[in-house]
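Novice: Got a structure for you, written out below as structure tokens; questions coming shortly.
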Amino acid sequence: MRCRYLSLMGLFAAALFATLNLHAEDAQPDPTSGGRYEFREDHDPNGIGKFYLGREIAHVMGHQGIQWLERAEREEEEGLTQLVDALDLKPGQVVADIGAGSGIISLMMAKKVGPKGTVLAVDIQQEMLDALAVHCKQNNVTNIEPILGTTTSPNLKPGTVDLVIMVDVYHEFDMPFEMLSAISKSLKPGGRIAFVEYRKEDPAVPIKEVHKMSEKQVRKEAAEESLGLVWLKTFRKLPRQHVVFFEKKGG
Ligand SMILES: C[S@@+](CC[C@H](N)C(=O)[O-])C[C@H]1O[C@@H](n2cnc3c(N)ncnc32)[C@H](O)[C@@H]1O
């Protein structure tokens with residue numbers, strides 16, 4: 001009898017889950033975002049079925065992917081040294097590495113900003129920040145501050161950051177407009193944002209489609225008037241990615 005009760009409960013739960021799931025997939029505009037986002041039933045399996053300005057948002061890379069982020073061939077494949085040089089960092093600056101992962105880029109930038117500068121390493125996965133803390137300890141690095149963010153805010157103080165960088169991250173934000181609003185607020189006037197994304201324009205870049213972004217799409221999403229950002233330049237010399245720079249108005 002108890003078993004039957006449990007299986008009936010199971011059937012009920014499955015039906016409820018299916019209904020909720022169906023509801024989520026069928027929903028057109030997202031009612032909680034003023035229609036900014038939409039959900040589509042027909043979508044890339046590597047995406048979450050949620051779209052922003054025509055682009056499907058990708059699944060977040062789990063902390064189980066740390067080995068891939070730290071692979072030895074990454075320098076050659078992505079030109080990390082060239083990337084960090086292109087940021088034109090100065091000693092004493094405050095840089096926010098949003099979606100820092102296990103901190104490969106944070107560690108490189110920490111050297112550039114020096115002991116008087118700070119790297120704010122933000123991630124939504126505590127496991128990533130824990131891996132970063134191990135690297136900092138091993139390398140005696142004391143100018144990286146780990147920050148646990150949320151999907152709507154990197155939890156940074158307003159008007160305090162010289163440069164925000166997102167390396168292979170922005171396309172994973174499930175609330176991109178909210179994140180960009182909060183990021184823009186964290187910048188000093190004249191502060192910069194660097195979007196580093198795999199080039200969608202280039203079919204030879206061996207990355208899943210929803211994990212790539214075209215320069216045109218990045219510029220479309222950052223152009224929203226209320227963000228107060230202006231496009232500065234695009235660095236196109238990396239092997240697989242482009243770096244699209246914006247400046248906060250008022251500098
Ligand atoms: C592909 S990894 C890139 C890690 C690092 N930037 C690198 O290149 O080594 C993407 C990271 O972005 C993080 N992420 C996704 N959404 C985020 C959000 N809303 N705020 C902060 N981090 C986020 C994920 O947890 C993950 O660690």
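Each chain in the structure tokens gets a letter, A, B and so on, in the order shown; residues start at 1 in every chain, and ligands are counted from 1 in the order they appear.
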Taking only C-alpha atoms and all ligand atoms into account, which residues have an atom no farther than 7 Å from ligand 1? I'd like them as a short mmCIF file (atom, residue, chain, number, x, y, z; two decimals) with N, CA and C atoms, in the first residue's frame.

Specialist:
```
data_model
loop_
_atom_site.label_atom_id
_atom_site.label_comp_id
_atom_site.auth_asym_id
_atom_site.auth_seq_id
_atom_site.Cartn_x
_atom_site.Cartn_y
_atom_site.Cartn_z
N VAL A 60 26.56 27.01 -18.14
CA VAL A 60 27.76 27.40 -17.40
C VAL A 60 28.73 26.21 -17.36
N MET A 61 30.02 26.50 -17.58
CA MET A 61 31.02 25.43 -17.47
C MET A 61 31.24 25.08 -15.99
N GLY A 62 31.03 23.85 -15.63
CA GLY A 62 31.17 23.43 -14.24
C GLY A 62 32.63 23.39 -13.79
N HIS A 63 32.83 23.37 -12.48
CA HIS A 63 34.20 23.35 -11.94
C HIS A 63 34.95 22.08 -12.31
N LEU A 69 40.67 24.37 -18.39
CA LEU A 69 41.09 25.78 -18.27
C LEU A 69 42.60 25.88 -18.05
N ILE A 98 35.85 38.78 -14.09
CA ILE A 98 34.54 38.20 -13.78
C ILE A 98 34.39 36.86 -14.49
N GLY A 99 33.98 35.85 -13.71
CA GLY A 99 34.01 34.49 -14.22
C GLY A 99 35.46 34.04 -14.26
N ALA A 100 36.16 34.29 -13.17
CA ALA A 100 37.62 34.06 -13.11
C ALA A 100 37.99 32.59 -13.21
N GLY A 101 37.05 31.71 -12.93
CA GLY A 101 37.37 30.28 -12.93
C GLY A 101 38.44 30.01 -11.89
N SER A 102 39.41 29.15 -12.24
CA SER A 102 40.46 28.80 -11.28
C SER A 102 41.58 29.83 -11.27
N GLY A 103 41.42 30.92 -12.05
CA GLY A 103 42.29 32.09 -11.88
C GLY A 103 43.50 32.20 -12.78
N ILE A 104 43.55 31.44 -13.87
CA ILE A 104 44.71 31.51 -14.78
C ILE A 104 44.97 32.95 -15.23
N ILE A 105 43.93 33.66 -15.64
CA ILE A 105 44.11 35.04 -16.14
C ILE A 105 44.33 35.99 -14.96
N VAL A 122 36.09 37.23 -9.49
CA VAL A 122 34.68 36.93 -9.18
C VAL A 122 34.25 35.63 -9.86
N ASP A 123 33.55 34.80 -9.15
CA ASP A 123 32.93 33.63 -9.79
C ASP A 123 31.68 33.25 -9.00
N ILE A 124 30.78 32.52 -9.65
CA ILE A 124 29.58 32.07 -8.94
C ILE A 124 29.78 30.66 -8.36
N GLN A 125 30.91 30.01 -8.71
CA GLN A 125 31.17 28.67 -8.16
C GLN A 125 32.27 28.76 -7.11
N MET A 128 35.56 27.04 -7.84
CA MET A 128 36.53 27.77 -8.68
C MET A 128 37.38 28.67 -7.78
N GLY A 149 30.18 35.83 -6.56
CA GLY A 149 29.13 36.64 -7.18
C GLY A 149 27.81 35.88 -7.24
N THR A 150 26.79 36.52 -7.82
CA THR A 150 25.52 35.85 -8.08
C THR A 150 25.26 35.95 -9.58
N THR A 151 24.18 35.35 -10.05
CA THR A 151 23.93 35.40 -11.50
C THR A 151 23.43 36.77 -11.95
N THR A 152 23.14 37.66 -11.00
CA THR A 152 22.71 39.00 -11.41
C THR A 152 23.71 40.09 -11.02
N SER A 153 24.69 39.76 -10.17
CA SER A 153 25.64 40.80 -9.76
C SER A 153 27.00 40.21 -9.37
N PRO A 154 28.08 40.90 -9.76
CA PRO A 154 29.41 40.43 -9.35
C PRO A 154 29.78 40.89 -7.94
N MET A 166 36.25 39.70 -19.01
CA MET A 166 35.49 38.45 -18.97
C MET A 166 36.04 37.56 -20.09
N VAL A 167 36.77 36.54 -19.71
CA VAL A 167 37.40 35.66 -20.70
C VAL A 167 36.55 34.40 -20.86
N ASP A 168 35.87 34.29 -21.99
CA ASP A 168 35.07 33.10 -22.28
C ASP A 168 33.96 32.92 -21.22
N VAL A 169 33.34 34.02 -20.88
CA VAL A 169 32.40 34.02 -19.75
C VAL A 169 31.04 34.65 -20.10
N GLU A 172 27.88 32.92 -21.08
CA GLU A 172 27.27 31.99 -20.11
C GLU A 172 26.34 32.70 -19.12
N PHE A 173 26.38 34.03 -19.07
CA PHE A 173 25.54 34.74 -18.09
C PHE A 173 24.08 34.45 -18.39
N ASP A 174 23.34 33.94 -17.40
CA ASP A 174 21.93 33.69 -17.71
C ASP A 174 21.08 34.94 -17.49
N MET A 179 23.68 41.58 -15.31
CA MET A 179 25.12 41.53 -15.02
C MET A 179 25.84 42.74 -15.61
#
```

Novice: If you count only C-alpha atoms, which residues fall within 12 Å of A:Met213, apart from same-chain ones fewer than 2 positions away, as a PDB file with C-alpha atoms, in the first residue's frame?

Specialist:
```pdb
ATOM      1  CA  GLY A  54      18.502  36.752 -30.684  1.00  0.00           C
ATOM      2  CA  ARG A  55      21.435  34.910 -29.037  1.00  0.00           C
ATOM      3  CA  GLU A  56      21.057  31.675 -27.120  1.00  0.00           C
ATOM      4  CA  ILE A  57      22.745  31.650 -23.695  1.00  0.00           C
ATOM      5  CA  ALA A  58      25.168  28.751 -23.083  1.00  0.00           C
ATOM      6  CA  VAL A 167      37.396  35.658 -20.701  1.00  0.00           C
ATOM      7  CA  ASP A 168      35.067  33.100 -22.283  1.00  0.00           C
ATOM      8  CA  VAL A 169      32.398  34.020 -19.754  1.00  0.00           C
ATOM      9  CA  TYR A 170      29.826  36.578 -20.893  1.00  0.00           C
ATOM     10  CA  HIS A 171      28.017  34.134 -23.215  1.00  0.00           C
ATOM     11  CA  GLU A 172      27.269  31.988 -20.110  1.00  0.00           C
ATOM     12  CA  PHE A 195      34.789  40.962 -23.607  1.00  0.00           C
ATOM     13  CA  VAL A 196      37.002  38.046 -24.684  1.00  0.00           C
ATOM     14  CA  GLU A 197      34.920  35.656 -26.763  1.00  0.00           C
ATOM     15  CA  TYR A 198      35.655  32.899 -29.287  1.00  0.00           C
ATOM     16  CA  ARG A 199      35.025  34.308 -32.780  1.00  0.00           C
ATOM     17  CA  LYS A 200      31.663  33.108 -34.078  1.00  0.00           C
ATOM     18  CA  GLU A 201      32.548  34.613 -37.464  1.00  0.00           C
ATOM     19  CA  ASP A 202      35.259  31.964 -37.892  1.00  0.00           C
ATOM     20  CA  PRO A 203      33.970  28.411 -38.513  1.00  0.00           C
ATOM     21  CA  VAL A 205      37.487  28.002 -34.307  1.00  0.00           C
ATOM     22  CA  ILE A 207      34.373  25.567 -30.039  1.00  0.00           C
ATOM     23  CA  LYS A 208      30.655  24.744 -29.724  1.00  0.00           C
ATOM     24  CA  GLU A 209      28.464  27.351 -31.433  1.00  0.00           C
ATOM     25  CA  VAL A 210      26.684  28.697 -28.319  1.00  0.00           C
ATOM     26  CA  HIS A 211      30.076  29.199 -26.666  1.00  0.00           C
ATOM     27  CA  GLU A 215      31.707  40.986 -32.470  1.00  0.00           C
ATOM     28  CA  LYS A 216      28.447  42.359 -33.874  1.00  0.00           C
ATOM     29  CA  GLN A 217      26.417  40.570 -31.172  1.00  0.00           C
ATOM     30  CA  VAL A 218      28.715  41.719 -28.345  1.00  0.00           C
ATOM     31  CA  ARG A 219      28.416  45.287 -29.577  1.00  0.00           C
ATOM     32  CA  LYS A 220      24.636  44.983 -29.900  1.00  0.00           C
ATOM     33  CA  GLU A 221      24.260  43.792 -26.300  1.00  0.00           C
ATOM     34  CA  ARG A 240      40.793  32.140 -31.647  1.00  0.00           C
ATOM     35  CA  GLN A 241      39.191  35.024 -29.756  1.00  0.00           C
ATOM     36  CA  HIS A 242      38.485  38.701 -30.216  1.00  0.00           C
ATOM     37  CA  VAL A 243      38.705  41.240 -27.420  1.00  0.00           C
ATOM     38  CA  VAL A 244      35.967  43.844 -27.654  1.00  0.00           C
TER      39      VAL A 244
END
```

Novice: Tell me which of A:Lys157, A:His135, A:Lys248, A:Lys212 sits closest to A:Gly228, counting only C-alpha atoms.

Specialist: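 Between A:Lys157, A:His135, A:Lys248, A:Lys212, the residue approaching A:Gly228 most closely is A:Lys248.
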
Novice: As a count of residues only, which residues of stretch 68-133 of chain A does DSSP assign to helix (DSSP H, G or I)?

Specialist: 32

Novice: Looking at A:Ile144, A:Thr81, A:Ser181, A:Lys237, which one is nearest to A:Ala223, with distances taken over only C-alpha atoms?

Specialist: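 Closest to A:Ala223, using only C-alpha atoms: A:Ser181.
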
Novice: Residues at most 10 Å from A:Ala96, counting only C-alpha atoms, excluding those fewer than 6 positions away in the same chain, as a PDB file with N, CA and C atoms, in the first residue's frame?

Specialist:
```pdb
ATOM      1  N   SER A 106      43.653  35.754 -13.848  1.00  0.00           N
ATOM      2  CA  SER A 106      43.831  36.607 -12.657  1.00  0.00           C
ATOM      3  C   SER A 106      45.293  36.617 -12.233  1.00  0.00           C
ATOM      4  N   MET A 109      47.363  38.725 -14.526  1.00  0.00           N
ATOM      5  CA  MET A 109      47.083  40.165 -14.377  1.00  0.00           C
ATOM      6  C   MET A 109      47.623  40.698 -13.042  1.00  0.00           C
ATOM      7  N   THR A 118      45.153  45.601  -7.452  1.00  0.00           N
ATOM      8  CA  THR A 118      44.337  44.472  -6.974  1.00  0.00           C
ATOM      9  C   THR A 118      43.612  43.817  -8.142  1.00  0.00           C
ATOM     10  N   VAL A 119      43.522  42.492  -8.079  1.00  0.00           N
ATOM     11  CA  VAL A 119      42.648  41.763  -9.002  1.00  0.00           C
ATOM     12  C   VAL A 119      41.481  41.222  -8.175  1.00  0.00           C
ATOM     13  N   LEU A 120      40.281  41.636  -8.559  1.00  0.00           N
ATOM     14  CA  LEU A 120      39.077  41.121  -7.900  1.00  0.00           C
ATOM     15  C   LEU A 120      38.611  39.938  -8.746  1.00  0.00           C
ATOM     16  N   ALA A 121      38.744  38.751  -8.205  1.00  0.00           N
ATOM     17  CA  ALA A 121      38.433  37.533  -8.964  1.00  0.00           C
ATOM     18  C   ALA A 121      37.037  37.054  -8.558  1.00  0.00           C
ATOM     19  N   VAL A 122      36.093  37.226  -9.488  1.00  0.00           N
ATOM     20  CA  VAL A 122      34.680  36.929  -9.175  1.00  0.00           C
ATOM     21  C   VAL A 122      34.253  35.635  -9.862  1.00  0.00           C
ATOM     22  N   ILE A 144      45.280  39.256  -5.053  1.00  0.00           N
ATOM     23  CA  ILE A 144      44.031  38.781  -5.693  1.00  0.00           C
ATOM     24  C   ILE A 144      42.989  38.564  -4.595  1.00  0.00           C
ATOM     25  N   GLU A 145      41.836  39.210  -4.789  1.00  0.00           N
ATOM     26  CA  GLU A 145      40.757  39.081  -3.792  1.00  0.00           C
ATOM     27  C   GLU A 145      39.620  38.251  -4.396  1.00  0.00           C
ATOM     28  N   PRO A 146      39.329  37.076  -3.817  1.00  0.00           N
ATOM     29  CA  PRO A 146      38.224  36.278  -4.369  1.00  0.00           C
ATOM     30  C   PRO A 146      36.870  36.834  -3.937  1.00  0.00           C
ATOM     31  N   ILE A 147      35.919  36.849  -4.859  1.00  0.00           N
ATOM     32  CA  ILE A 147      34.566  37.355  -4.537  1.00  0.00           C
ATOM     33  C   ILE A 147      33.538  36.380  -5.108  1.00  0.00           C
ATOM     34  N   PRO A 154      28.080  40.900  -9.764  1.00  0.00           N
ATOM     35  CA  PRO A 154      29.410  40.426  -9.353  1.00  0.00           C
ATOM     36  C   PRO A 154      29.776  40.886  -7.945  1.00  0.00           C
ATOM     37  N   LEU A 156      30.461  43.896  -6.701  1.00  0.00           N
ATOM     38  CA  LEU A 156      31.583  44.841  -6.672  1.00  0.00           C
ATOM     39  C   LEU A 156      31.070  46.200  -6.197  1.00  0.00           C
ATOM     40  N   THR A 160      34.582  51.701  -8.589  1.00  0.00           N
ATOM     41  CA  THR A 160      35.894  51.364  -8.006  1.00  0.00           C
ATOM     42  C   THR A 160      36.858  50.639  -8.957  1.00  0.00           C
ATOM     43  N   VAL A 161      36.390  50.256 -10.150  1.00  0.00           N
ATOM     44  CA  VAL A 161      37.193  49.344 -10.983  1.00  0.00           C
ATOM     45  C   VAL A 161      37.716  50.057 -12.244  1.00  0.00           C
ATOM     46  N   ASP A 162      39.003  49.824 -12.565  1.00  0.00           N
ATOM     47  CA  ASP A 162      39.605  50.404 -13.779  1.00  0.00           C
ATOM     48  C   ASP A 162      39.295  49.567 -15.018  1.00  0.00           C
ATOM     49  N   LEU A 163      39.333  48.244 -14.845  1.00  0.00           N
ATOM     50  CA  LEU A 163      39.076  47.361 -15.997  1.00  0.00           C
ATOM     51  C   LEU A 163      38.336  46.111 -15.534  1.00  0.00           C
ATOM     52  N   VAL A 164      37.279  45.784 -16.273  1.00  0.00           N
ATOM     53  CA  VAL A 164      36.596  44.500 -16.066  1.00  0.00           C
ATOM     54  C   VAL A 164      36.943  43.628 -17.263  1.00  0.00           C
ATOM     55  N   ILE A 165      37.349  42.403 -16.999  1.00  0.00           N
ATOM     56  CA  ILE A 165      37.608  41.471 -18.102  1.00  0.00           C
ATOM     57  C   ILE A 165      36.770  40.209 -17.897  1.00  0.00           C
ATOM     58  N   MET A 166      36.255  39.704 -19.014  1.00  0.00           N
ATOM     59  CA  MET A 166      35.486  38.445 -18.973  1.00  0.00           C
ATOM     60  C   MET A 166      36.038  37.564 -20.085  1.00  0.00           C
ATOM     61  N   ILE A 183      27.960  45.530 -13.691  1.00  0.00           N
ATOM     62  CA  ILE A 183      29.375  45.691 -14.069  1.00  0.00           C
ATOM     63  C   ILE A 183      29.650  47.144 -14.431  1.00  0.00           C
ATOM     64  N   SER A 186      30.070  49.290 -11.489  1.00  0.00           N
ATOM     65  CA  SER A 186      31.303  49.061 -10.722  1.00  0.00           C
ATOM     66  C   SER A 186      32.497  49.829 -11.304  1.00  0.00           C
ATOM     67  N   LEU A 187      32.370  50.280 -12.568  1.00  0.00           N
ATOM     68  CA  LEU A 187      33.502  50.951 -13.229  1.00  0.00           C
ATOM     69  C   LEU A 187      33.646  52.399 -12.781  1.00  0.00           C
ATOM     70  N   ILE A 193      35.752  47.839 -20.158  1.00  0.00           N
ATOM     71  CA  ILE A 193      35.327  46.428 -20.106  1.00  0.00           C
ATOM     72  C   ILE A 193      35.939  45.728 -21.310  1.00  0.00           C
TER      73      ILE A 193
END
```

Novice: Which residue out of A:Phe235, A:Leu227, A:Phe51, A:Tyr37 has the minimum interatomic distance to A:Glu247 when only C-alpha atoms are used?

Specialist: A:Leu227

Novice: Hey, what does DSSP flag as strand (DSSP E) within stretch 40-216 of chain A? Can you give it to me as JSON, numbers by chain?

Specialist: {"A": [47, 48, 49, 50, 51, 52, 55, 56, 57, 58, 94, 95, 96, 97, 98, 118, 119, 120, 121, 122, 123, 144, 145, 146, 147, 148, 161, 162, 163, 164, 165, 166, 167, 187, 188, 189, 190, 191, 192, 193, 194, 195, 196, 197, 198, 199, 212, 213]}

Novice: Next, write the just-selected residues to a file, as a compact mmCIF listing (two decimals), in the first residue's frame, keeping N, CA and C atoms as the atom set.

Specialist:
```txt
# COMPACT_ATOMS: atom_id res chain seq x y z
N GLY A 47 22.87 24.92 -25.24
CA GLY A 47 22.35 26.18 -24.71
C GLY A 47 21.23 25.91 -23.72
N ILE A 48 20.79 26.96 -23.02
CA ILE A 48 19.76 26.77 -21.99
C ILE A 48 18.35 27.06 -22.51
N GLY A 49 18.22 27.36 -23.80
CA GLY A 49 16.89 27.61 -24.37
C GLY A 49 16.38 29.01 -24.07
N LYS A 50 17.23 29.83 -23.46
CA LYS A 50 16.87 31.22 -23.14
C LYS A 50 17.66 32.12 -24.08
N PHE A 51 16.98 33.10 -24.66
CA PHE A 51 17.60 33.94 -25.69
C PHE A 51 17.60 35.40 -25.27
N TYR A 52 18.69 36.09 -25.62
CA TYR A 52 18.79 37.53 -25.38
C TYR A 52 19.21 38.20 -26.69
N ARG A 55 20.32 35.83 -29.33
CA ARG A 55 21.44 34.91 -29.04
C ARG A 55 21.04 33.92 -27.94
N GLU A 56 21.34 32.65 -28.17
CA GLU A 56 21.06 31.67 -27.12
C GLU A 56 22.17 31.68 -26.08
N ILE A 57 21.79 31.66 -24.82
CA ILE A 57 22.75 31.65 -23.70
C ILE A 57 23.25 30.21 -23.49
N ALA A 58 24.55 30.08 -23.23
CA ALA A 58 25.17 28.75 -23.08
C ALA A 58 25.05 28.25 -21.64
N VAL A 94 42.98 48.62 -10.41
CA VAL A 94 42.04 47.63 -9.88
C VAL A 94 41.36 46.96 -11.08
N VAL A 95 41.53 45.64 -11.18
CA VAL A 95 40.97 44.89 -12.30
C VAL A 95 39.99 43.86 -11.75
N ALA A 96 38.83 43.74 -12.39
CA ALA A 96 37.90 42.68 -11.98
C ALA A 96 37.88 41.61 -13.06
N ASP A 97 38.19 40.38 -12.67
CA ASP A 97 38.17 39.23 -13.58
C ASP A 97 36.88 38.50 -13.28
N ILE A 98 35.85 38.78 -14.09
CA ILE A 98 34.54 38.20 -13.78
C ILE A 98 34.39 36.86 -14.49
N THR A 118 45.15 45.60 -7.45
CA THR A 118 44.34 44.47 -6.97
C THR A 118 43.61 43.82 -8.14
N VAL A 119 43.52 42.49 -8.08
CA VAL A 119 42.65 41.76 -9.00
C VAL A 119 41.48 41.22 -8.18
N LEU A 120 40.28 41.64 -8.56
CA LEU A 120 39.08 41.12 -7.90
C LEU A 120 38.61 39.94 -8.75
N ALA A 121 38.74 38.75 -8.20
CA ALA A 121 38.43 37.53 -8.96
C ALA A 121 37.04 37.05 -8.56
N VAL A 122 36.09 37.23 -9.49
CA VAL A 122 34.68 36.93 -9.18
C VAL A 122 34.25 35.63 -9.86
N ASP A 123 33.55 34.80 -9.15
CA ASP A 123 32.93 33.63 -9.79
C ASP A 123 31.68 33.25 -9.00
N ILE A 144 45.28 39.26 -5.05
CA ILE A 144 44.03 38.78 -5.69
C ILE A 144 42.99 38.56 -4.60
N GLU A 145 41.84 39.21 -4.79
CA GLU A 145 40.76 39.08 -3.79
C GLU A 145 39.62 38.25 -4.40
N PRO A 146 39.33 37.08 -3.82
CA PRO A 146 38.22 36.28 -4.37
C PRO A 146 36.87 36.83 -3.94
N ILE A 147 35.92 36.85 -4.86
CA ILE A 147 34.57 37.35 -4.54
C ILE A 147 33.54 36.38 -5.11
N LEU A 148 32.63 35.94 -4.26
CA LEU A 148 31.56 35.06 -4.73
C LEU A 148 30.43 35.95 -5.27
N VAL A 161 36.39 50.26 -10.15
CA VAL A 161 37.19 49.34 -10.98
C VAL A 161 37.72 50.06 -12.24
N ASP A 162 39.00 49.82 -12.57
CA ASP A 162 39.61 50.40 -13.78
C ASP A 162 39.29 49.57 -15.02
N LEU A 163 39.33 48.24 -14.85
CA LEU A 163 39.08 47.36 -16.00
C LEU A 163 38.34 46.11 -15.53
N VAL A 164 37.28 45.78 -16.27
CA VAL A 164 36.60 44.50 -16.07
C VAL A 164 36.94 43.63 -17.26
N ILE A 165 37.35 42.40 -17.00
CA ILE A 165 37.61 41.47 -18.10
C ILE A 165 36.77 40.21 -17.90
N MET A 166 36.25 39.70 -19.01
CA MET A 166 35.49 38.45 -18.97
C MET A 166 36.04 37.56 -20.09
N VAL A 167 36.77 36.54 -19.71
CA VAL A 167 37.40 35.66 -20.70
C VAL A 167 36.55 34.40 -20.86
N LEU A 187 32.37 50.28 -12.57
CA LEU A 187 33.50 50.95 -13.23
C LEU A 187 33.65 52.40 -12.78
N LYS A 188 34.91 52.84 -12.73
CA LYS A 188 35.18 54.27 -12.56
C LYS A 188 34.78 54.95 -13.87
N PRO A 189 34.47 56.25 -13.85
CA PRO A 189 34.25 56.92 -15.14
C PRO A 189 35.50 56.75 -16.00
N GLY A 190 35.32 56.37 -17.25
CA GLY A 190 36.47 56.13 -18.13
C GLY A 190 37.05 54.73 -17.97
N GLY A 191 36.52 53.96 -17.03
CA GLY A 191 36.96 52.56 -16.86
C GLY A 191 36.54 51.73 -18.08
N ARG A 192 37.21 50.58 -18.25
CA ARG A 192 36.98 49.79 -19.46
C ARG A 192 36.44 48.38 -19.17
N ILE A 193 35.75 47.84 -20.16
CA ILE A 193 35.33 46.43 -20.11
C ILE A 193 35.94 45.73 -21.31
N ALA A 194 36.50 44.55 -21.10
CA ALA A 194 37.02 43.74 -22.22
C ALA A 194 36.23 42.42 -22.27
N PHE A 195 35.49 42.23 -23.37
CA PHE A 195 34.79 40.96 -23.61
C PHE A 195 35.74 40.09 -24.44
N VAL A 196 36.14 38.96 -23.92
CA VAL A 196 37.00 38.05 -24.68
C VAL A 196 36.15 36.83 -25.04
N GLU A 197 35.83 36.73 -26.32
CA GLU A 197 34.92 35.66 -26.76
C GLU A 197 35.51 34.94 -27.98
N TYR A 198 35.25 33.64 -28.09
CA TYR A 198 35.65 32.90 -29.29
C TYR A 198 34.90 33.46 -30.49
N ARG A 199 35.62 33.65 -31.60
CA ARG A 199 35.03 34.31 -32.78
C ARG A 199 33.99 33.42 -33.48
N LYS A 212 30.46 30.58 -28.65
CA LYS A 212 31.15 31.60 -29.45
C LYS A 212 30.24 32.84 -29.50
N MET A 213 30.84 34.00 -29.73
CA MET A 213 30.02 35.21 -29.94
C MET A 213 30.63 36.06 -31.04
```

Novice: In Å, with one decimal, what is the gap from atom CA of A:Pro91 to atom CA of A:Ile66?

Specialist: 28.6 Å

Novice: With only C-alpha atoms as the basis for distance, which of A:Val84, A:Met175, A:Val113, A:Leu180 is at the shortest distance from A:Leu238?

Specialist: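 Between A:Val84, A:Met175, A:Val113, A:Leu180, the residue approaching A:Leu238 most closely is A:Val84.
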
Novice: Grab the atom CA of A:Phe245 to atom CA of A:Gly92 distance for me, in Å with one decimal place.

Specialist: 20.4 Å
